[in-house]
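Next comes my_file27.csv, with CSV, C-alpha atoms.
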chain,number,residue,atom,x,y,z
A,1,MET,CA,-28.6,34.7,46.0
A,2,ILE,CA,-31.3,37.3,45.5
A,3,ASP,CA,-31.9,38.0,41.8
A,4,TYR,CA,-32.4,41.3,40.1
A,5,LYS,CA,-36.2,41.1,39.6
A,6,LEU,CA,-36.8,40.2,43.2
A,7,LYS,CA,-34.7,43.1,44.4
A,8,LYS,CA,-36.5,45.5,42.1
A,9,LEU,CA,-39.9,44.2,43.1
A,10,SER,CA,-39.0,44.5,46.7
A,11,LYS,CA,-37.7,48.0,46.3
A,12,PHE,CA,-40.9,49.0,44.5
A,13,LEU,CA,-43.0,47.6,47.3
A,14,THR,CA,-40.9,49.3,50.0
A,15,ASP,CA,-40.8,52.6,48.2
A,16,ASN,CA,-44.5,52.7,47.6
A,17,LYS,CA,-45.5,51.3,51.0
A,18,TYR,CA,-47.2,48.4,49.3
A,19,SER,CA,-47.7,44.9,50.7
A,20,VAL,CA,-47.3,41.5,49.2
A,21,ALA,CA,-49.0,38.2,50.1
A,22,THR,CA,-48.4,34.8,48.6
A,23,ALA,CA,-50.5,31.6,48.4
A,24,GLU,CA,-48.4,28.7,47.3
A,25,SER,CA,-49.1,25.2,46.3
A,26,CYS,CA,-46.4,23.8,44.0
A,27,THR,CA,-43.7,26.1,45.4
A,28,GLY,CA,-44.4,24.9,49.0
A,29,GLY,CA,-43.4,28.2,50.7
A,30,LEU,CA,-40.3,28.8,48.6
A,31,LEU,CA,-41.7,32.0,47.1
A,32,SER,CA,-42.4,33.3,50.6
A,33,SER,CA,-39.0,32.3,51.8
A,34,ARG,CA,-37.3,34.2,48.9
A,35,PHE,CA,-39.2,37.4,49.7
A,36,THR,CA,-38.3,37.1,53.4
A,37,ASP,CA,-34.6,36.5,52.5
A,38,ILE,CA,-34.5,40.2,51.8
A,39,SER,CA,-33.5,42.4,54.7
A,40,GLY,CA,-36.3,44.7,55.5
A,41,SER,CA,-39.0,42.5,54.1
A,42,SER,CA,-41.1,43.0,57.2
A,43,GLU,CA,-41.9,46.4,55.6
A,44,PHE,CA,-43.8,44.8,52.8
A,45,VAL,CA,-44.5,41.1,53.4
A,46,LYS,CA,-48.1,40.9,54.8
A,47,LEU,CA,-49.1,37.3,55.0
A,48,ASN,CA,-48.2,34.1,53.3
A,49,PHE,CA,-50.0,30.7,53.0
A,50,VAL,CA,-49.0,27.3,51.8
A,51,THR,CA,-52.3,26.0,50.4
A,52,TYR,CA,-51.0,22.7,49.2
A,53,ALA,CA,-54.2,20.7,49.7
A,54,ASN,CA,-57.4,21.4,47.9
A,55,GLU,CA,-59.1,21.7,51.3
A,56,ALA,CA,-56.7,24.6,52.1
A,57,LYS,CA,-57.5,26.3,48.7
A,58,GLU,CA,-61.2,26.1,49.6
A,59,ASN,CA,-61.1,27.0,53.3
A,60,VAL,CA,-58.3,29.7,53.2
A,61,LEU,CA,-58.6,31.2,49.7
A,62,MET,CA,-62.3,30.4,49.1
A,63,VAL,CA,-61.7,28.6,45.8
A,64,PRO,CA,-65.1,27.1,45.1
A,65,HIS,CA,-65.2,23.3,45.3
A,66,SER,CA,-66.9,23.3,41.9
A,67,ILE,CA,-63.8,24.9,40.3
A,68,LEU,CA,-61.6,22.2,41.8
A,69,GLU,CA,-63.9,19.5,40.7
A,70,LYS,CA,-64.4,20.8,37.1
A,71,PHE,CA,-60.9,22.1,36.3
A,72,GLY,CA,-58.6,20.8,39.0
A,73,ALA,CA,-56.2,22.5,41.4
A,74,VAL,CA,-53.7,22.9,38.6
A,75,SER,CA,-55.7,25.1,36.3
A,76,GLU,CA,-56.1,28.7,35.2
A,77,ASP,CA,-59.4,28.9,36.9
A,78,CYS,CA,-58.1,27.7,40.2
A,79,ALA,CA,-55.1,30.1,40.0
A,80,TYR,CA,-57.4,33.0,39.3
A,81,ARG,CA,-59.6,32.2,42.3
A,82,MET,CA,-56.5,31.8,44.5
A,83,ALA,CA,-55.4,35.4,43.7
A,84,GLU,CA,-58.9,36.7,44.2
A,85,GLY,CA,-59.2,34.9,47.5
A,86,LEU,CA,-55.8,35.9,48.7
A,87,HIS,CA,-56.4,39.5,48.0
A,88,ASN,CA,-59.9,39.4,49.7
A,89,ASN,CA,-58.4,37.6,52.7
A,90,THR,CA,-55.4,40.0,53.2
A,91,ASN,CA,-56.2,43.2,51.4
A,92,CYS,CA,-52.7,43.1,50.0
A,93,ASP,CA,-51.5,45.4,47.2
A,94,LEU,CA,-49.8,42.5,45.4
A,95,ALA,CA,-50.9,38.9,45.6
A,96,ILE,CA,-48.8,36.1,44.0
A,97,CYS,CA,-50.1,32.5,43.8
A,98,THR,CA,-48.7,29.3,42.4
A,99,THR,CA,-50.3,26.0,41.5
A,100,GLY,CA,-48.6,23.3,39.5
A,101,ILE,CA,-47.0,19.8,39.3
A,102,ALA,CA,-43.4,19.7,40.5
A,103,GLY,CA,-42.9,16.0,39.9
A,104,PRO,CA,-41.2,13.7,39.4
A,105,THR,CA,-44.4,11.7,39.8
A,106,GLY,CA,-47.9,12.8,39.1
A,107,GLY,CA,-49.0,14.6,36.0
A,108,SER,CA,-50.8,13.4,33.0
A,109,GLU,CA,-50.8,14.0,29.2
A,110,GLU,CA,-53.2,16.9,29.8
A,111,LYS,CA,-51.3,18.2,32.9
A,112,PRO,CA,-47.7,17.1,32.7
A,113,VAL,CA,-45.0,17.4,35.4
A,114,GLY,CA,-43.6,20.9,34.9
A,115,LEU,CA,-46.9,22.6,34.4
A,116,MET,CA,-47.6,25.6,36.6
A,117,PHE,CA,-50.1,28.5,36.7
A,118,VAL,CA,-49.1,31.7,38.4
A,119,SER,CA,-51.7,34.3,39.3
A,120,VAL,CA,-51.0,37.9,40.3
A,121,TYR,CA,-53.4,40.4,41.7
A,122,PHE,CA,-52.3,44.0,41.3
A,123,ASN,CA,-54.1,47.3,40.7
A,124,GLN,CA,-57.5,45.7,41.0
A,125,HIS,CA,-56.7,43.2,38.2
A,126,ILE,CA,-55.9,39.6,38.2
A,127,PHE,CA,-53.4,38.1,35.7
A,128,VAL,CA,-52.8,34.4,35.1
A,129,LYS,CA,-50.0,32.8,33.1
A,130,LYS,CA,-49.4,29.2,32.2
A,131,PHE,CA,-45.8,27.9,32.3
A,132,VAL,CA,-44.6,24.5,31.1
A,133,PHE,CA,-41.1,23.4,32.0
A,134,PRO,CA,-39.3,20.2,31.1
A,135,SER,CA,-40.5,17.3,33.2
A,136,PHE,CA,-37.0,15.8,33.7
A,137,ILE,CA,-36.0,18.7,36.0
A,138,PRO,CA,-35.5,17.4,39.6
A,139,ARG,CA,-38.2,18.5,42.1
A,140,LYS,CA,-36.1,20.8,44.2
A,141,LEU,CA,-34.9,22.7,41.1
A,142,MET,CA,-38.4,22.6,39.6
A,143,LYS,CA,-39.7,24.4,42.7
A,144,PHE,CA,-37.0,27.0,42.4
A,145,ILE,CA,-37.7,27.5,38.7
A,146,PHE,CA,-41.4,27.8,39.5
A,147,SER,CA,-40.7,30.5,42.2
A,148,GLN,CA,-38.4,32.4,39.8
A,149,ALA,CA,-41.1,32.3,37.1
A,150,ALA,CA,-43.7,33.7,39.6
A,151,ILE,CA,-41.3,36.5,40.7
A,152,SER,CA,-40.6,37.4,37.1
A,153,PHE,CA,-44.2,37.4,36.1
A,154,ALA,CA,-45.2,39.6,39.1
A,155,TYR,CA,-42.3,42.0,38.3
A,156,ASP,CA,-43.4,42.3,34.7
A,157,ILE,CA,-47.0,43.1,35.7
A,158,VAL,CA,-45.9,45.7,38.2
A,159,LYS,CA,-43.5,47.2,35.8
A,160,LYS,CA,-46.2,47.6,33.1
A,161,SER,CA,-48.7,49.0,35.5
A,162,ILE,CA,-46.6,51.9,36.8

Take the structure in the file and give it back as structure tokens.
Amino acid sequence: MIDYKLKKLSKFLTDNKYSVATAESCTGGLLSSRFTDISGSSEFVKLNFVTYANEAKENVLMVPHSILEKFGAVSEDCAYRMAEGLHNNTNCDLAICTTGIAGPTGGSEEKPVGLMFVSVYFNQHIFVKKFVFPSFIPRKLMKFIFSQAAISFAYDIVKKSI
């Protein structure tokens, strides 16, 4: 099933000849998969990365090691740098990045299971939003909810900017 916001976002990208790129951690490629589920997505999907390990965030997206040490991979600072690095790496028009804790293990009081940061680069600006979902949600469903939140956030930013 392809939801309304994903369809609208895809149509916007196609109509404007814009490209999208994703860098995913907690969604593990699901965000990319959802975009490529759309017929004609080759017109707007530019490049997608699964940067699950910190090393990938550093080497592919150029997230500084100091950011990962000081704030961790699941942080607003890391998410911001992921979007910056993804845009710089791909020159995409829209960059969408996810980092979070899908569970059921992991997490802490400070960073619980269900915590996710989404960053979006669009129109020369980077936006970051924190989401916290209930920790009891099963991992596969959590990843879907994370991907849906990322799509919705990107859609809302694009909609406001045009």

(request) Could you check which of A:Glu58, A:Glu69, A:Asp93, A:Asp3 is closest to A:Tyr18, using all atoms listed in the file? (result) A:Asp93

(request) Would you mind listing what lies within 9 Å of A:Thr51 as a PyMOL selection string, with only C-alpha atoms counted and same-chain residues fewer than 2 positions away left out? (result) chain A and resi 23-26+28+49+53-58+60-61

Would you export the selected residues with C-alpha atoms as a tab-separated table (two decimals), in the frame of the given file, please?
chain	number	residue	atom	x	y	z
A	23	ALA	CA	-50.50	31.60	48.40
A	24	GLU	CA	-48.40	28.70	47.30
A	25	SER	CA	-49.10	25.20	46.30
A	26	CYS	CA	-46.40	23.80	44.00
A	28	GLY	CA	-44.40	24.90	49.00
A	49	PHE	CA	-50.00	30.70	53.00
A	53	ALA	CA	-54.20	20.70	49.70
A	54	ASN	CA	-57.40	21.40	47.90
A	55	GLU	CA	-59.10	21.70	51.30
A	56	ALA	CA	-56.70	24.60	52.10
A	57	LYS	CA	-57.50	26.30	48.70
A	58	GLU	CA	-61.20	26.10	49.60
A	60	VAL	CA	-58.30	29.70	53.20
A	61	LEU	CA	-58.60	31.20	49.70

(message) Which residues are close to A:Cys92, i.e. within 9 Å by all atoms listed in the file, leaving aside same-chain residues fewer than 6 positions away? Reply as number ranges by chain.
(response) A: 18-21, 46-47, 86, 121-122

(request) Tell me which protein, DNA and RNA residues are within 10 Å of stretch 130-142 of chain A, counting all atoms listed in the file, leaving out same-chain ones fewer than 2 positions away, and put them as a VMD selection string. (result) chain A and resid 26 to 27 74 to 76 79 99 to 105 107 111 to 119 128 144 to 150

(request) Please measure the separation of atom CA of A:Thr22 and atom CA of A:Cys97, giving the value in Å to one decimal. (result) 5.6 Å

(message) Report, in Å with one decimal, the straight-line distance from atom CA of A:Lys70 to atom CA of A:Asn48.
(response) 26.5 Å

(message) So the first atom is atom CA of A:Phe71 and the second is atom CA of A:Lys143; what is the distance between them in Å, to one decimal place?
(response) 22.3 Å

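Distances from A:Ile151, A:Asn59, A:Asn123, A:Asn16 to A:Leu94 were compared using only C-alpha atoms, and the smallest one belongs to A:Asn123.
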
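Comparing A:Ala154, A:Met62, A:Lys17, A:Gln124 by their smallest distance to A:Ile96, the closest is A:Ala154 (using all atoms listed in the file).
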
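For A:Asp156, the set of protein, DNA and RNA residues having any atom at most 12 Å away, when counting all atoms listed in the file and skipping those fewer than 2 positions along the same chain, is Lys5, Leu6, Lys8, Leu9, Val120, Phe122, Phe127, Lys129, Ala149, Ala150, Ile151, Ser152, Phe153, Ala154, Val158, Lys159, Lys160, Ser161 and Ile162 of chain A.
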
(message) Ranking A:Leu13, A:Cys78, A:Ile157, A:Val50 by minimum distance to A:Phe35 and counting all atoms listed in the file, which one comes first?
(response)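 For A:Phe35, the nearest of the given residues is A:Leu13.
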
(request) Find, counting all atoms listed in the file, the residue in A:Thr36, A:Ser42, A:Ser108, A:Thr98 that gets nearest to A:Arg81. (result)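 Comparing A:Thr36, A:Ser42, A:Ser108, A:Thr98 against A:Arg81, the winner is A:Thr98.
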